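Working notes, beginning with the structure itself.
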Amino acid sequence: MMIIDGSGNASKPSEMSPAGAAPVPAPDFSRIRPDDFADEDYISPQVWLNDRRGIPYYFKHFHTVANAVRLEGPHRGFVDIAVHRSPEHNYPYNARVQENHLWFAYFYTNPSSWNLYYGMPQVQYRLEAVLEHLLTLQGPEGAFSEYSPGGYNLPGTSFALQFLGQTVRLLEEAKESNPDFPFINENLYTKVLDASRKAIEHVLHDSAHWKHGTGFTNQYTLMWSATAAYLAFRPDGAIESKLRERMTESASAFISPAGFYYENHAFDMNYNMGVHIQNMMADYYYFKDTPLEQEMIEKESRFIEWLSYNLVREPDGSFFTSNAAVSGRTESAHYERKDIPLAEKLPLARAFVKSQEEVALEIQQAKSEIVKDGSWPNVPELQRKGGSAFNPYGLYNRILYRYYPTEAERAEAIAKLPYLASESFNHHRSDDRSGLQFTYVRRPDYYAAFNAGPCKVNAQVFGIGLLWHPRAGIILSSQTEAASMKAGRGLSWGTKHHNSPRVYENGDVCPRYYVDGQEVMPIWGCSDIASGDIAMRYELGTEGQKTVHFGEESISVTVRHPNRFEEYLPLMAAPGDQIDLEQGSIVLNRGDTNIRITFDEGAEAELVPRSFHMYSYQMQMLILKASQTLQYTIKMGSR
């Protein structure tokens with residue numbers, strides 16, 4: 001029989017015994033012990049925030065996902081369950097919904113003693129159906145659809161290739177290790193490889209995809225490892241040559257002179273820390289110890305150096321606060337650790353990863369937690385709201401190369417983070433394409449990041465992005481307007497007209513810079529600025545003017561505004577902090593550190609808790625209400 005999908009394409013189900021259509025059974029955990037799983041099965045890849053799910057979680061819920069695959073038309077092979085992409089995008093025309101074929105391939109090819117799905121006909125039947133449906137979503141030129149029938153685009157294609165490459169790899173490795181392994185339908189397998197080649201050639205040669213990729217680079221850098229995965233089983237000199245050409249071009253086209261990867265033609269911390277680091281992981285798997293390794297190290301060292309200025313570490317190492325308020329695509333994000341195997345060859349990156357000792361402890365804790373209260377396996381229930389409920393990245397990271405430094409190696413890298421390696425500097429980074437400007441000020445009692453530029457995306461918020469103390473940790477953290485909209489109220493540092501919903505800093509901030517009173521002109525790229533007090537002076541829309549002065553011992557802010565206005569300072573309060581609001585001042589005591597903000601006595605002050613949390617910290621918004629002028633000073637020191 002022929003199955004016709006929504007685009008009019010026809011596919012023929014694989015030849016297989018009717019037994020393959022029987023339901024995929026649930027695992028019987030009474031026949032499995034926790035120690036049957038390897039230690040590495042309990043490691044949680046750092047994909048999404050606080051993701052603690054290991055292989056037992058995915059193993060328990062696999063049958064639910066597998067049995068959701070449509071086995072009859074229309075859209076035979078569609079993974080009809082919202083556990084990966086969001087429900088509003090969970091439709092048969094979306095190639096990204098099919099990405100969980102990687103989990104099908106994993107359980108089908110994994111010979112571990114606990115895995116009843118190894119070589120199981122029901123899993124093979126569904127894996128083939130999922131792949132067959134995915135192939136119907138490829139357009140005539142080679143691209144795959146995402147948001148509509150025939151809506152072919154770069155991300156739909158590059159992400160499809162990313163996961164297809166690893167499914168092919170798992171199948172090939174299974175066949176190599178076991179000559180009797182029941183390989184999938186050979187005709188279908190050939191079609192998968194042919195479709196991959198068609199998509200790769202299309203993306204690498206198409207000028208429109210390249211142009212789009214220069215603005216949304218995470219969608220194109222996937223092509224490096226996806227193409228390498230294809231070449232591993234089908235060597236092709238012409239494709240390899242074009243891949244090298246595009247990789248070389250990307251060094252200047254994809255990475256800002258400031259060091260970040262372009263997202264929405266500007267900057268986005270979430271995408272830089274999320275998809276880009278994922279892409280780096282796969283790149284290192286394929287380019288490690290090859291002629292392309294050094295090119296990769298040189299390129300990514302610029303990115304890691306960028307992160308070293310924009311991720312500030314809590315003194316206890318519990319997490320990093322990001323300078324993310326200027327992000328142009330998503331809300332701000334903050335991080336514990338990331339998986340960066342390239343840290344093996346790029347020592348500074350070790351500051352942001354798990355150590356060997358932490359991994360050993362994580363495995364021990366996971367083994368204890370999974371049998372907690374006599375429940376086996378004690379894992380979360382499967383949510384059906386999209387997102388990362390059944391996440392192919394939870395596997396993708398596991399089957400690539402892993403590297404963890406020792407505690408000593410990581411400590412050495414942490415000590416080289418700029419704001420820890422020095423107690424005093426003025427550093428500037430600028431991007432000529434977006435006009436974004438970033439200034440970093442380190443003094444013995446604080447580290448601050450100040451962001452500026454033209455506001456091209458509604459989410460961006462400029463001005464002071466973060467304020468950090470070497471012993472107390474994060475003190476002030478401004479968030480994007482996207483985060484504010486999600487929380488239902490402002491979360492950003494800045495000045496607001498008394499009847500406006502947003503701060504002026506959610507608009508153009510194009511300051512003039514002064515060092516010790518003398519104007520300086522920062523250059524594009526990365527450079528240190530002369531030592532001394534540094535100040536930024538900029539217009540508040542058409543209403544007033546603001547000066548931020550970074551001194552040796554304090555930060556001073558002066559606001560001039562013809563009408564009533566409010567100044568917002570997003571303080572981050574840790575458990576146990578003592579905050580005292582007095583006439584003309586507010587004092588935050590944390591451990592042995594005292595943070596004092598003094599302001600004009602005529603200003604009306606209010607401390608308002610926000611629902612925004614950053615791990616154990618909660619935002620407390622200090623609002624200073626004034627008219628015409630306001631001056632305030634932030635000073636930190638020992639109690």
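How things are named: the first chain in the structure tokens is A, the next is B, and so on; residues count from 1 in each chain; ligands count from 1 in the order shown.
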
Q: Pull the strand (DSSP E or B) assignments for region 319-471 of chain A out of DSSP run on the backbone, and list those residues as a ChimeraX atom specification.
A: /A:320-322,335,425-430,437-443,446-453,463-469

Find the residues near region 345-356 of chain A: any atom within 10 Å, counting only C-alpha atoms, skip ones fewer than 4 places away on the same chain, and give them as a tab-separated table (two decimals) with N, CA and C atoms, in the first residue's frame.
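Written out: part.tsv:
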chain	number	residue	atom	x	y	z
A	46	GLN	N	24.83	18.27	30.41
A	46	GLN	CA	24.39	19.62	30.72
A	46	GLN	C	23.78	20.26	29.49
A	284	TYR	N	34.19	18.85	17.96
A	284	TYR	CA	35.41	18.29	18.56
A	284	TYR	C	35.45	16.78	18.39
A	288	LYS	N	38.80	16.38	16.38
A	288	LYS	CA	39.87	16.11	17.35
A	288	LYS	C	40.98	15.30	16.68
A	293	GLU	N	41.66	20.49	13.71
A	293	GLU	CA	41.57	20.75	15.15
A	293	GLU	C	42.12	22.13	15.51
A	294	GLN	N	43.28	22.48	15.01
A	294	GLN	CA	43.89	23.76	15.38
A	294	GLN	C	43.06	24.93	14.89
A	297	ILE	N	40.31	25.29	17.38
A	297	ILE	CA	40.78	25.86	18.65
A	297	ILE	C	40.96	27.37	18.52
A	298	GLU	N	41.58	27.81	17.44
A	298	GLU	CA	41.81	29.25	17.26
A	298	GLU	C	40.50	30.01	17.19
A	300	GLU	N	37.40	29.00	18.34
A	300	GLU	CA	36.60	28.92	19.56
A	300	GLU	C	37.28	29.59	20.75
A	301	SER	N	38.58	29.79	20.69
A	301	SER	CA	39.25	30.49	21.80
A	301	SER	C	38.75	31.92	21.91
A	303	PHE	N	35.66	32.82	21.31
A	303	PHE	CA	34.36	32.69	21.96
A	303	PHE	C	34.51	32.42	23.45
A	304	ILE	N	35.40	31.53	23.82
A	304	ILE	CA	35.61	31.22	25.23
A	304	ILE	C	36.13	32.46	25.98
A	305	GLU	N	36.99	33.23	25.33
A	305	GLU	CA	37.48	34.46	25.97
A	305	GLU	C	36.32	35.43	26.18
A	307	LEU	N	33.23	34.59	26.77
A	307	LEU	CA	32.50	34.07	27.93
A	307	LEU	C	33.21	34.41	29.23
A	308	SER	N	34.53	34.44	29.20
A	308	SER	CA	35.29	34.69	30.43
A	308	SER	C	35.03	36.08	30.99
A	311	LEU	N	30.49	35.75	32.01
A	311	LEU	CA	29.94	34.81	32.99
A	311	LEU	C	30.71	34.98	34.29
A	313	ARG	N	31.39	34.04	38.22
A	313	ARG	CA	31.28	32.85	39.06
A	313	ARG	C	30.98	33.24	40.51
A	317	GLY	N	31.35	28.64	43.70
A	317	GLY	CA	31.34	27.87	42.47
A	317	GLY	C	30.01	27.26	42.10
A	319	PHE	N	27.27	28.51	40.66
A	319	PHE	CA	26.73	28.84	39.34
A	319	PHE	C	27.40	30.10	38.81
A	320	PHE	N	27.11	30.37	37.53
A	320	PHE	CA	27.59	31.58	36.87
A	320	PHE	C	26.40	32.46	36.51
A	335	TYR	N	23.87	29.75	34.56
A	335	TYR	CA	24.35	28.40	34.34
A	335	TYR	C	25.13	27.85	35.53
A	336	GLU	N	25.05	26.52	35.67
A	336	GLU	CA	25.90	25.81	36.61
A	336	GLU	C	27.18	25.38	35.91
A	337	ARG	N	27.06	24.37	35.05
A	337	ARG	CA	28.20	23.87	34.29
A	337	ARG	C	27.73	23.59	32.86
A	338	LYS	N	28.66	23.54	31.94
A	338	LYS	CA	28.38	23.13	30.57
A	338	LYS	C	29.34	22.00	30.19
A	339	ASP	N	28.92	21.18	29.23
A	339	ASP	CA	29.80	20.14	28.69
A	339	ASP	C	30.58	20.74	27.53
A	340	ILE	N	31.89	20.88	27.70
A	340	ILE	CA	32.74	21.47	26.66
A	340	ILE	C	33.96	20.57	26.50
A	341	PRO	N	33.87	19.50	25.72
A	341	PRO	CA	35.02	18.60	25.55
A	341	PRO	C	36.27	19.30	25.00
A	360	ALA	N	32.02	12.00	39.49
A	360	ALA	CA	31.97	10.81	40.35
A	360	ALA	C	30.90	10.98	41.42
A	361	LEU	N	30.81	12.17	42.01
A	361	LEU	CA	29.79	12.43	43.02
A	361	LEU	C	28.40	12.42	42.40
A	362	GLU	N	28.26	12.96	41.20
A	362	GLU	CA	26.97	12.97	40.51
A	362	GLU	C	26.47	11.55	40.28
A	403	TYR	N	34.98	14.94	28.11
A	403	TYR	CA	36.22	15.30	28.81
A	403	TYR	C	35.86	16.07	30.06
A	404	TYR	N	36.49	15.69	31.18
A	404	TYR	CA	36.32	16.42	32.43
A	404	TYR	C	37.70	16.64	33.05
A	405	PRO	N	38.03	17.86	33.43
A	405	PRO	CA	39.32	18.11	34.08
A	405	PRO	C	39.29	17.68	35.54
A	406	THR	N	40.45	17.60	36.16
A	406	THR	CA	40.51	17.40	37.60
A	406	THR	C	40.13	18.71	38.29
A	407	GLU	N	39.85	18.63	39.57
A	407	GLU	CA	39.56	19.87	40.34
A	407	GLU	C	40.72	20.84	40.24
A	408	ALA	N	41.94	20.31	40.30
A	408	ALA	CA	43.12	21.19	40.24
A	408	ALA	C	43.22	21.87	38.89
A	409	GLU	N	42.97	21.12	37.81
A	409	GLU	CA	43.02	21.72	36.47
A	409	GLU	C	41.95	22.78	36.30
A	410	ARG	N	40.77	22.51	36.84
A	410	ARG	CA	39.70	23.51	36.72
A	410	ARG	C	40.03	24.74	37.55
A	411	ALA	N	40.56	24.54	38.75
A	411	ALA	CA	40.92	25.67	39.62
A	411	ALA	C	41.94	26.57	38.93
A	412	GLU	N	42.86	25.97	38.21
A	412	GLU	CA	43.86	26.75	37.48
A	412	GLU	C	43.21	27.61	36.41
A	413	ALA	N	42.20	27.05	35.74
A	413	ALA	CA	41.48	27.81	34.71
A	413	ALA	C	40.65	28.91	35.33
A	414	ILE	N	39.97	28.62	36.43
A	414	ILE	CA	39.15	29.63	37.10
A	414	ILE	C	40.00	30.82	37.50
A	415	ALA	N	41.20	30.55	37.99
A	415	ALA	CA	42.09	31.63	38.42
A	415	ALA	C	42.48	32.55	37.28
A	416	LYS	N	42.31	32.09	36.04
A	416	LYS	CA	42.67	32.90	34.87
A	416	LYS	C	41.49	33.67	34.29
A	417	LEU	N	40.30	33.51	34.86
A	417	LEU	CA	39.19	34.36	34.43
A	417	LEU	C	39.58	35.81	34.69

**Q.** Proximity to Tyr514 (chain A) - best of A:Thr439, A:Pro470, A:Pro609, A:Asn499, only C-alpha atoms
**A.**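 Between A:Thr439, A:Pro470, A:Pro609, A:Asn499, the residue approaching Tyr514 (chain A) most closely is A:Thr439.
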
Exercise: Asp508 (chain A) partners within 9 Å, only C-alpha atoms, chain neighbours under 6 positions left out, as a short mmCIF file (atom, residue, chain, number, x, y, z; two decimals) with C-alpha atoms, in the first residue's frame:
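In the end it all went to selection.cif:
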data_model
loop_
_atom_site.label_atom_id
_atom_site.label_comp_id
_atom_site.auth_asym_id
_atom_site.auth_seq_id
_atom_site.Cartn_x
_atom_site.Cartn_y
_atom_site.Cartn_z
CA ALA A 452 25.44 49.87 25.03
CA GLY A 453 24.36 50.26 21.44
CA PRO A 454 21.34 50.83 19.21
CA CYS A 455 18.28 48.82 20.24
CA LYS A 456 17.35 46.72 17.20
CA VAL A 461 18.12 46.14 27.63
CA PHE A 462 21.32 48.17 27.93
CA GLU A 539 20.61 60.44 26.53
CA LEU A 540 17.41 59.03 28.06
CA GLY A 541 15.36 58.99 24.88
#

**Q.** Secondary structure check, alpha helix (DSSP H) residues of region 412-478 of chain A, as a PyMOL selection string
**A.** chain A and resi 412-414+418-421

Taking N, CA and C atoms for each residue, export the selection above as a short mmCIF file (atom, residue, chain, number, x, y, z; two decimals), in the first residue's frame.
data_model
loop_
_atom_site.label_atom_id
_atom_site.label_comp_id
_atom_site.auth_asym_id
_atom_site.auth_seq_id
_atom_site.Cartn_x
_atom_site.Cartn_y
_atom_site.Cartn_z
N GLU A 412 42.86 25.97 38.21
CA GLU A 412 43.86 26.75 37.48
C GLU A 412 43.21 27.61 36.41
N ALA A 413 42.20 27.05 35.74
CA ALA A 413 41.48 27.81 34.71
C ALA A 413 40.65 28.91 35.33
N ILE A 414 39.97 28.62 36.43
CA ILE A 414 39.15 29.63 37.10
C ILE A 414 40.00 30.82 37.50
N PRO A 418 39.35 36.71 33.74
CA PRO A 418 39.89 38.08 33.85
C PRO A 418 39.59 38.77 35.18
N TYR A 419 38.35 38.67 35.65
CA TYR A 419 37.96 39.37 36.87
C TYR A 419 38.49 38.71 38.13
N LEU A 420 39.08 37.51 38.01
CA LEU A 420 39.75 36.87 39.14
C LEU A 420 41.27 36.98 39.03
N ALA A 421 41.75 37.09 37.80
CA ALA A 421 43.19 37.20 37.59
C ALA A 421 43.71 38.60 37.90
#

Q: Considering only C-alpha atoms, state which residue in the set A:Lys385, A:Lys372, A:His469, A:Arg442 is at the smallest distance from Ser86 (chain A).
A: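 When distances to Ser86 (chain A) are compared using only C-alpha atoms, the smallest one comes from A:Lys385.
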
(Q) Using only C-alpha atoms, can you tell me which of A:Trp524, A:Phe78, A:Tyr538, A:Phe107 comes closest to Arg560 (chain A)? (A)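 Ranking A:Trp524, A:Phe78, A:Tyr538, A:Phe107 by distance to Arg560 (chain A), first place goes to A:Tyr538.
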
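All residues of protein, DNA or RNA that reach within 8 Å of Phe159 (chain A), judged by only C-alpha atoms and not counting those fewer than 6 positions away in the chain, are A:Arg96, A:Gln219, A:Leu222.
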
Preceding selection exported with N, CA and C atoms as an mmCIF file, in the first residue's frame:
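And here is the file that came out, part06.cif:
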data_model
loop_
_atom_site.group_PDB
_atom_site.id
_atom_site.type_symbol
_atom_site.label_atom_id
_atom_site.label_comp_id
_atom_site.auth_asym_id
_atom_site.auth_seq_id
_atom_site.Cartn_x
_atom_site.Cartn_y
_atom_site.Cartn_z
ATOM 1 N N ARG A 96 11.504 18.611 12.680
ATOM 2 C CA ARG A 96 12.173 18.610 13.979
ATOM 3 C C ARG A 96 11.469 17.701 14.988
ATOM 4 N N GLN A 219 22.303 27.904 13.457
ATOM 5 C CA GLN A 219 21.609 27.053 12.498
ATOM 6 C C GLN A 219 22.542 26.553 11.392
ATOM 7 N N LEU A 222 25.866 23.888 12.712
ATOM 8 C CA LEU A 222 25.511 22.472 12.789
ATOM 9 C C LEU A 222 26.053 21.699 11.588
#

Q. Counting only C-alpha atoms, which of A:Val275, A:Arg53, A:Leu624, A:Ala482 gets nearest to Ile370 (chain A)?
A. A:Arg53

Q: Fewer than 4 positions away in the same chain doesn't count, so skip those; otherwise give me all residues within 9 Å of Ser477 (chain A), counting only C-alpha atoms, as a PyMOL selection string.
A: chain A and resi 321-325+464-468+491-493+569-572+619

Deliver the residues from the most recent selection as a file, using N, CA and C atoms, as an mmCIF file, in the first residue's frame.
data_model
loop_
_atom_site.group_PDB
_atom_site.id
_atom_site.type_symbol
_atom_site.label_atom_id
_atom_site.label_comp_id
_atom_site.auth_asym_id
_atom_site.auth_seq_id
_atom_site.Cartn_x
_atom_site.Cartn_y
_atom_site.Cartn_z
ATOM 1 N N THR A 321 26.544 33.742 36.793
ATOM 2 C CA THR A 321 25.558 34.721 36.346
ATOM 3 C C THR A 321 26.022 35.274 35.004
ATOM 4 N N SER A 322 25.115 35.376 34.052
ATOM 5 C CA SER A 322 25.504 35.834 32.724
ATOM 6 C C SER A 322 25.136 37.298 32.509
ATOM 7 N N ASN A 323 25.968 37.964 31.736
ATOM 8 C CA ASN A 323 25.688 39.327 31.301
ATOM 9 C C ASN A 323 24.811 39.216 30.058
ATOM 10 N N ALA A 324 23.508 39.030 30.269
ATOM 11 C CA ALA A 324 22.632 38.609 29.181
ATOM 12 C C ALA A 324 21.510 39.581 28.859
ATOM 13 N N ALA A 325 21.430 40.713 29.544
ATOM 14 C CA ALA A 325 20.286 41.609 29.336
ATOM 15 C C ALA A 325 20.213 42.152 27.920
ATOM 16 N N ILE A 464 23.932 48.971 32.903
ATOM 17 C CA ILE A 464 24.627 48.019 33.773
ATOM 18 C C ILE A 464 23.945 46.649 33.645
ATOM 19 N N GLY A 465 24.723 45.666 33.227
ATOM 20 C CA GLY A 465 24.185 44.319 33.064
ATOM 21 C C GLY A 465 24.335 43.468 34.302
ATOM 22 N N LEU A 466 25.465 43.637 34.968
ATOM 23 C CA LEU A 466 25.680 42.904 36.212
ATOM 24 C C LEU A 466 26.685 43.639 37.085
ATOM 25 N N LEU A 467 26.574 43.382 38.383
ATOM 26 C CA LEU A 467 27.499 43.923 39.377
ATOM 27 C C LEU A 467 27.828 42.795 40.333
ATOM 28 N N TRP A 468 29.113 42.557 40.558
ATOM 29 C CA TRP A 468 29.597 41.372 41.275
ATOM 30 C C TRP A 468 30.648 41.781 42.292
ATOM 31 N N LEU A 491 12.235 43.748 35.130
ATOM 32 C CA LEU A 491 13.345 43.081 35.812
ATOM 33 C C LEU A 491 14.677 43.707 35.424
ATOM 34 N N SER A 492 14.633 44.902 34.854
ATOM 35 C CA SER A 492 15.831 45.484 34.269
ATOM 36 C C SER A 492 16.327 46.685 35.067
ATOM 37 N N TRP A 493 17.656 46.886 35.017
ATOM 38 C CA TRP A 493 18.247 48.096 35.579
ATOM 39 C C TRP A 493 17.972 49.253 34.625
ATOM 40 N N LEU A 569 16.745 49.320 40.317
ATOM 41 C CA LEU A 569 17.991 48.605 40.596
ATOM 42 C C LEU A 569 17.635 47.169 40.990
ATOM 43 N N PRO A 570 17.852 46.187 40.102
ATOM 44 C CA PRO A 570 17.478 44.797 40.380
ATOM 45 C C PRO A 570 18.517 44.085 41.250
ATOM 46 N N LEU A 571 18.324 44.172 42.550
ATOM 47 C CA LEU A 571 19.235 43.536 43.490
ATOM 48 C C LEU A 571 18.914 42.053 43.601
ATOM 49 N N MET A 572 19.945 41.238 43.719
ATOM 50 C CA MET A 572 19.758 39.806 43.904
ATOM 51 C C MET A 572 20.056 39.470 45.361
ATOM 52 N N MET A 619 15.156 38.175 43.178
ATOM 53 C CA MET A 619 15.314 39.587 42.861
ATOM 54 C C MET A 619 14.484 40.448 43.803
#

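You will find CA of Arg398 (chain A) at 14.3 Å from CA of Asp283 (chain A).
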
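Going from CA of Met269 (chain A) over to CA of Phe390 (chain A), you cover 24.0 Å.
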
Closest pair table for region 140-165 of chain A residues within 12 Å of region 392-396 of chain A, only C-alpha atoms, as a Markdown table:
| residue | atom | partner | partner_atom | distance |
| --- | --- | --- | --- | --- |
| A:Phe159 | CA | A:Pro392 | CA | 11.1 |
| A:Ala160 | CA | A:Pro392 | CA | 11.6 |
| A:Gln162 | CA | A:Tyr396 | CA | 9.4 |
| A:Phe163 | CA | A:Tyr396 | CA | 7.9 |
| A:Leu164 | CA | A:Tyr396 | CA | 11.0 |
| A:Gly165 | CA | A:Tyr396 | CA | 10.6 |

Take the selection from the previous step and output its residues with C-alpha atoms, as a PDB file, in the first residue's frame.
ATOM      1  CA  PHE A 159      18.983  19.977  12.669  1.00  0.00           C
ATOM      2  CA  ALA A 160      17.590  17.081  10.604  1.00  0.00           C
ATOM      3  CA  GLN A 162      22.579  16.636  12.812  1.00  0.00           C
ATOM      4  CA  PHE A 163      20.468  13.807  14.198  1.00  0.00           C
ATOM      5  CA  LEU A 164      20.403  11.713  11.018  1.00  0.00           C
ATOM      6  CA  GLY A 165      24.193  11.633  11.101  1.00  0.00           C
TER       7      GLY A 165
END

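Reported to one decimal place, the separation of CA of Ala603 (chain A) from CA of Ala472 (chain A) is 27.4 Å.
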
Q: Skip region 132-146 of chain A itself and residues of its chain fewer than 5 positions away, then list as a list in words all residues within 7 Å of it, counting only C-alpha atoms.
A: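 Non-adjacent residues within range: Asn9, Ser11, His75, Arg76, Gly77, Phe78, Tyr93, Asn94, Ala95, Arg96, Gln98, Gly151, Tyr152, Asn153, Gly156, Thr157, Lys198, Ala199 and His202 of chain A.
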
(Q) Given only C-alpha atoms as the basis, pick out the residue of A:Glu314, A:Glu201, A:Asp236, A:Glu505 nearest to Tyr568 (chain A). (A)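 Among the listed residues, A:Glu505 lies closest to Tyr568 (chain A).
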
Q: Go through A:Tyr440, A:Gly215, A:Gly435, A:Arg471 and flag the residue nearest Val509 (chain A), using only C-alpha atoms for the distances.
A: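 So, comparing all the options, the nearest one is A:Gly435.
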